[in-house]
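What follows is one structure encoded as structure tokens, with my remarks underneath.
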Amino acid sequence: MAATKAAIRRRFAGKFLFALCGLALACVLARELAIGVSPVRAEDAPASAAPTEATAPGAPAAPASKDGAEAAPPPNKDALVVPMLIAREMRDEPLPISLLDLPPADLGVAGAKLATADNNTTGRFMNQQFTLEEVDEHDPGKLVEDVVKKVDAGAHFILADMAPATLLKLADAVRGKDALIINYGAPDDRLREEDCRANVLHSAPARSMLADALTQYLIWKKWNRWLLVLGPGDNDKLFADAIRRSAKRFGGKIVEERPFVYETGASRRSDGGYEQIQQQIPTFTQSAPEYDVLIVADEANVFGDYFPYRTWDARPVAGTAGLVAASWHPAIELWGGTQFQNRFKRLSDRYLRPEDYNAWLAVRMIGEAASRTKSNNFKELATYLKSPQFEVAGFKGVGLSVRDWNGQVRQPIPVVTPKLLVSVSPQPGFLHQTSELDTLGIDKPETKCKAYTQ
Amino acid sequence: MRFKFGFTPLLGVLAAVAAPTPSALAYTAFVTNEKDNSVSVIDTEKMEVTKTFKVGQRPRGVILSNDAKWLIVCTSDENLIQVYDTKTYELVKTLPSGPDPELLTLHPSGNPLYVANEDDNLVTVIDINSGKVVTDIPVGVEPEGMGMSPDGKVLVNTSETTNMAHFIDTETKKTFDNVLVDARPRVAMFNNAATQLWVSSEVGGTVTVINPKDRKIIGKVNFEIPGITRQAIQPVGVRITKDDKLAFVALGPANRVAVVDTATLQVIKYLLVGQRVWQLAFTPDYKYLLTTNGASNDVSFIDVAALKVVKSVRVGRYPWGVVVAPF
């Protein structure tokens, strides 16, 4: 599972995906055009406060549905428009080792589109209309520039999937403007802590939340002794930091840390290849102190999936492979999740990934604020989103709200294996004076974020 | 779980004390067991399961035809509605529905049937005699709750992701008003005088009470239970007594049914039942209220006059819906 990754690898994956499912993609594109949630590229028409017929999402009640849905009344011409922008920094990163994990080209965007359609179904009754523009860009400087232009042209809500440094540049560039960023991509704690910004909310769970969700389950299971295997990547180090922090909080013990070195830039597959891995992983995990679980820190998924069933001792694997914590899982059917999964699959012809969930949630947050305030006024919506009244349902059994100290959405976090949900954290017995959801991640008394208190 | 088991013997004693008098009418309750693909039949006088019969995959919402000859069951994973004979428990026929039917209601005249079609954002209107779809009515995202006004003129549907109560004119089959309520509305219930419409919000943790005449919100019911987090309070099933004075609200994983004064909208009592209590049904004489306790596989009997839980009856796995027949 590409659970904890902020990064997208569309440049590498693009060709592959087109070759793999070109036909399916074409179908999806055709369908999207048919329902009118048409992607507008950065170089295309500028964001317009009053959308034309062509960009207006008409009758988005149920794409690919029965006749009845098509008969749904179209949005009024005088509907209040809420313009949104989804901005992605296209980064070049190594591909994950499993064919199942290759990122689809519309990762995240597909979730945002579903939520836009959901918002517009509600919008029909509220006389509101939501529009979504896409900006994909490799060059961080150009990306920031493009987004600022769109903001100046009237796009107030920016859904961002970018490297932390780019996100901070963007947040500072739109400071003082009528713009709110919702980070759906980056799990980096520093964006919520020392580098937090008052104009950024986070629908993506922080890395510390994911680590706490996973380790609460391990502690509940009384698997307290962990062998930590770290990759060389910067994000692997951050993941390991989060696990160490969780160990301290919940009483886990890291019995040993073993750095795993691999050749960067190697091809992700070759004919055969398993023979060597079958030898290498047992040897690597030999002579470890007594431990209960091997925790692997490999956010790029370039080696972690080699560990399950290959360790020297018969031990389960968790972390970024094996048992992982993620904001969503494509097999979740709890809390009305089945309908949600079905809608997504109809729209996108694939399973819903955590990145799609995070983007869906970000767009639903905006929709929820618009229907509760009955407004499309930026300041009203932005104020409401940060207020204690704000709450949104996200197929997690409880209402999701925003932490008032750093803009992070508090949420239950599934703990999953590749095929099924295992549990949902917070776990029983992890108590908190205000919300048990705040046992996941950095809590108010510990926060280093100042932007929200000033 | 442990807490509940601790109370079971005590409940047994209570049941013995409050055992129905011989003159009390016996009714038949039907409980859908979501996980067992079965329906448990309960004799409400003996408070015992007398029969369990197999139905289609994932049975949830359940109602009776007006003459009580048919038991109409949403079999969600078969994407259709099954009709069973209430005496022989044999399958009479199936009715079409969209994917994943969950809750349904009948027009007071006995026909047509209205089904919330969650996957398609539609309320489907079905003629139960011909088995044909009459029409579809577009509503918000994930339609669920279905409340029918006593005069049959207004159908209220709730949409779980749009968070609205949609008011539908049953003549024109069009929505004529939409009221925003708290997150994830599940059940809509008119009182008998049609002066109040109760809408439960599972995630919002409240019940919104609406005046059906002008669609203005009269007030909200809030719940607070010491030792139970706000998140565990998830209102779903709602039933109102015959005199309209009390409302019962099932609170899901809070494992309690709240008793609410309909005049003040204040909770007067919380009744501890089984785990994850979702749907409710009165016996036809309003003497008992039955609750489906999904996570503990049982049905609780609440004595309505005494406001006490008098018995819990073990049924199949994950009981979901309940309806009581007048025989």
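Just remember, in the structure tokens the first chain shown is A, the second B, etc., residues are 1-based per chain, and ligands are 1-based in the order shown.
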Please tabulate, as CSV, the residues of chain B that come within 7 Å of chain A, each with its closest pair of atoms and the distance in Å to one decimal, counting only C-alpha atoms and ordering rows by chain, then residue number upward.
```
residue,atom,partner,partner_atom,distance
B:Glu118,CA,A:Gln339,CA,6.8
B:Asp119,CA,A:Gln339,CA,5.6
B:Asp120,CA,A:Ala62,CA,5.7
B:Asn121,CA,A:Ala62,CA,6.5
B:Asp136,CA,A:Gly68,CA,5.5
B:Ile137,CA,A:Gly68,CA,7.0
B:Pro138,CA,A:Ala72,CA,5.8
B:Gly140,CA,A:Thr122,CA,5.6
B:Val141,CA,A:Asp118,CA,6.3
B:Thr162,CA,A:Thr122,CA,5.2
B:Asn178,CA,A:Phe125,CA,6.7
B:Ala183,CA,A:Ala393,CA,6.0
B:Arg184,CA,A:Ala393,CA,6.7
B:Val203,CA,A:Val398,CA,5.1
B:Gly204,CA,A:Gly399,CA,6.5
B:Gln231,CA,A:Val398,CA,5.7
```
Output of the above residues as a short mmCIF file (atom, residue, chain, number, x, y, z; two decimals), in the first residue's frame, restricted to C-alpha atoms:
```cif
data_model
loop_
_atom_site.label_atom_id
_atom_site.label_comp_id
_atom_site.auth_asym_id
_atom_site.auth_seq_id
_atom_site.Cartn_x
_atom_site.Cartn_y
_atom_site.Cartn_z
CA GLU B 118 -28.21 4.60 -1.83
CA ASP B 119 -25.94 3.98 -4.76
CA ASP B 120 -27.82 6.11 -7.24
CA ASN B 121 -28.96 9.14 -5.22
CA ASP B 136 -37.26 7.51 -9.54
CA ILE B 137 -36.98 10.73 -7.57
CA PRO B 138 -33.53 12.38 -7.51
CA GLY B 140 -29.08 14.01 -2.25
CA VAL B 141 -26.02 11.80 -1.92
CA THR B 162 -25.79 15.68 1.61
CA ASN B 178 -34.96 20.42 1.65
CA ALA B 183 -24.13 14.97 9.76
CA ARG B 184 -25.27 11.62 8.38
CA VAL B 203 -22.40 11.30 13.06
CA GLY B 204 -23.74 14.67 14.23
CA GLN B 231 -18.44 10.18 19.37
#
```
DSSP says strand (DSSP E) for which residues of range 259-375 of chain A? Put them as a list in words?
Pro259, Val293, Leu294, Ile295, Val296, Ala297, Val317, Ala318, Gly319, Leu323, Val324 and Ala325 of chain A
Correct to one decimal, the distance CA of Ala369 in chain A-CA of Ile225 in chain B is 28.6 Å
Applying 8 Å and only C-alpha atoms, which residues near Val92 in chain B remain after dropping the ones on its own chain fewer than 2 positions away? List them as a PyMOL selection string.
chain B and resi 82-85+90+94
C-alpha atoms of the current selection, written as a compact mmCIF listing (two decimals), in the first residue's frame:
```txt
# COMPACT_ATOMS: atom_id res chain seq x y z
CA GLN B 82 -37.84 -10.01 -1.08
CA VAL B 83 -41.45 -10.56 -0.09
CA TYR B 84 -42.20 -13.40 2.35
CA ASP B 85 -45.49 -14.84 3.57
CA GLU B 90 -42.14 -18.78 2.14
CA THR B 94 -39.06 -10.42 -5.32
```
Determine which residues of range 131-328 of chain A receive a DSSP assignment of alpha helix (DSSP H), computed from the backbone, and state them as a ChimeraX atom specification.
/A:140-152,164-173,207-220,234-250,274-284
Residues near range 316-322 of chain B, anyone? I mean within 10 Å using only C-alpha atoms, not counting same-chain ones fewer than 2 positions away, as JSON, numbers by chain.
{"B": [29, 30, 31, 32, 33, 34, 35, 36, 37, 38, 39, 40, 41, 49, 52, 58, 59, 60, 61, 62, 63, 73, 74, 102, 103, 237, 275, 276, 277, 278, 279, 280, 281, 282, 290, 291, 292, 293, 294, 295, 296, 297, 298, 299, 314, 324]}
Take the residues just selected and output them with C-alpha atoms as a short mmCIF file (atom, residue, chain, number, x, y, z; two decimals), in the first residue's frame.
```
data_model
loop_
_atom_site.label_atom_id
_atom_site.label_comp_id
_atom_site.auth_asym_id
_atom_site.auth_seq_id
_atom_site.Cartn_x
_atom_site.Cartn_y
_atom_site.Cartn_z
CA ALA B 29 -41.94 -9.74 15.74
CA PHE B 30 -39.67 -10.22 12.74
CA VAL B 31 -35.98 -9.35 13.11
CA THR B 32 -33.55 -9.29 10.19
CA ASN B 33 -30.13 -10.75 11.00
CA GLU B 34 -27.72 -8.92 8.74
CA LYS B 35 -24.82 -11.35 9.11
CA ASP B 36 -26.80 -14.62 9.19
CA ASN B 37 -29.01 -13.92 6.15
CA SER B 38 -31.99 -14.89 8.23
CA VAL B 39 -35.09 -13.56 9.97
CA SER B 40 -35.81 -14.41 13.62
CA VAL B 41 -39.50 -14.73 14.51
CA VAL B 49 -37.67 -16.90 19.28
CA THR B 52 -35.64 -18.63 12.29
CA ARG B 58 -27.62 -9.19 4.03
CA PRO B 59 -31.19 -8.51 5.12
CA ARG B 60 -31.64 -5.03 6.63
CA GLY B 61 -34.73 -2.81 6.36
CA VAL B 62 -37.98 -4.69 6.96
CA ILE B 63 -41.68 -3.71 6.88
CA VAL B 73 -37.23 -7.30 3.34
CA CYS B 74 -34.36 -5.34 1.77
CA GLU B 102 -31.55 -0.41 2.88
CA LEU B 103 -34.70 1.27 4.17
CA GLY B 237 -33.74 4.54 15.16
CA GLN B 275 -24.54 -3.29 21.97
CA ARG B 276 -24.84 -0.98 18.95
CA VAL B 277 -28.58 -0.49 19.12
CA TRP B 278 -29.95 0.69 15.78
CA GLN B 279 -33.58 0.09 14.91
CA LEU B 280 -36.73 0.13 17.03
CA ALA B 281 -40.33 -1.07 16.75
CA PHE B 282 -43.38 -0.89 19.02
CA LEU B 290 -38.21 -3.80 20.68
CA THR B 291 -34.61 -2.81 19.91
CA THR B 292 -32.10 -4.51 17.61
CA ASN B 293 -28.69 -4.70 19.25
CA GLY B 294 -26.35 -5.44 16.34
CA ALA B 295 -23.06 -6.12 18.11
CA SER B 296 -24.49 -8.28 20.92
CA ASN B 297 -26.85 -10.35 18.73
CA ASP B 298 -29.95 -9.70 20.80
CA VAL B 299 -33.24 -7.84 20.93
CA ARG B 314 -30.95 -13.78 21.71
CA VAL B 324 -44.05 -6.36 14.73
#
```
Separation of CA of Val293 in chain A from CA of Asp313 in chain A in Å:
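Interatomic distance here is 10.0 Å.
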Using only C-alpha atoms, which residues sit within 8 Å of range 374-383 of chain A once same-chain residues fewer than 4 positions away are excluded, as a compact mmCIF listing (two decimals) with C-alpha atoms, in the first residue's frame?
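around.txt, freshly written:
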```txt
# COMPACT_ATOMS: atom_id res chain seq x y z
CA LEU A 80 -23.43 30.55 -6.00
CA VAL A 81 -20.13 29.28 -7.38
CA VAL A 82 -17.35 27.93 -5.19
CA MET A 126 -28.62 24.69 -1.99
CA GLN A 128 -24.54 26.24 -5.03
CA HIS A 156 -10.08 30.61 -3.33
CA ASP A 178 -8.44 35.29 -0.28
CA ALA A 179 -6.97 31.79 -0.39
CA LEU A 180 -7.02 28.72 1.80
CA ILE A 366 -15.30 22.95 1.51
CA ALA A 369 -18.71 24.69 4.94
CA ALA A 370 -20.63 26.07 1.96
CA SER A 387 -14.37 27.16 13.86
```
Any idea what's packed within 10 Å of Val267 in chain B, counting only C-alpha atoms, ignoring anything in its chain fewer than 5 positions away? Could you give it as a ChimeraX atom specification?
/B:221-224,246-249,258-262
Within 6 Å of range 276-284 of chain A, counting only C-alpha atoms, which residues qualify if same-chain residues fewer than 5 places away don't, as a list in words?
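Counting only the stated atoms, we get Arg310, Thr311 and Trp312 of chain A.
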Please report the interatomic distance between CA of Phe176 in chain B and CA of Asn117 in chain B in Å with one decimal.
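Taking CA of Phe176 in chain B and CA of Asn117 in chain B, their separation equals 19.1 Å.
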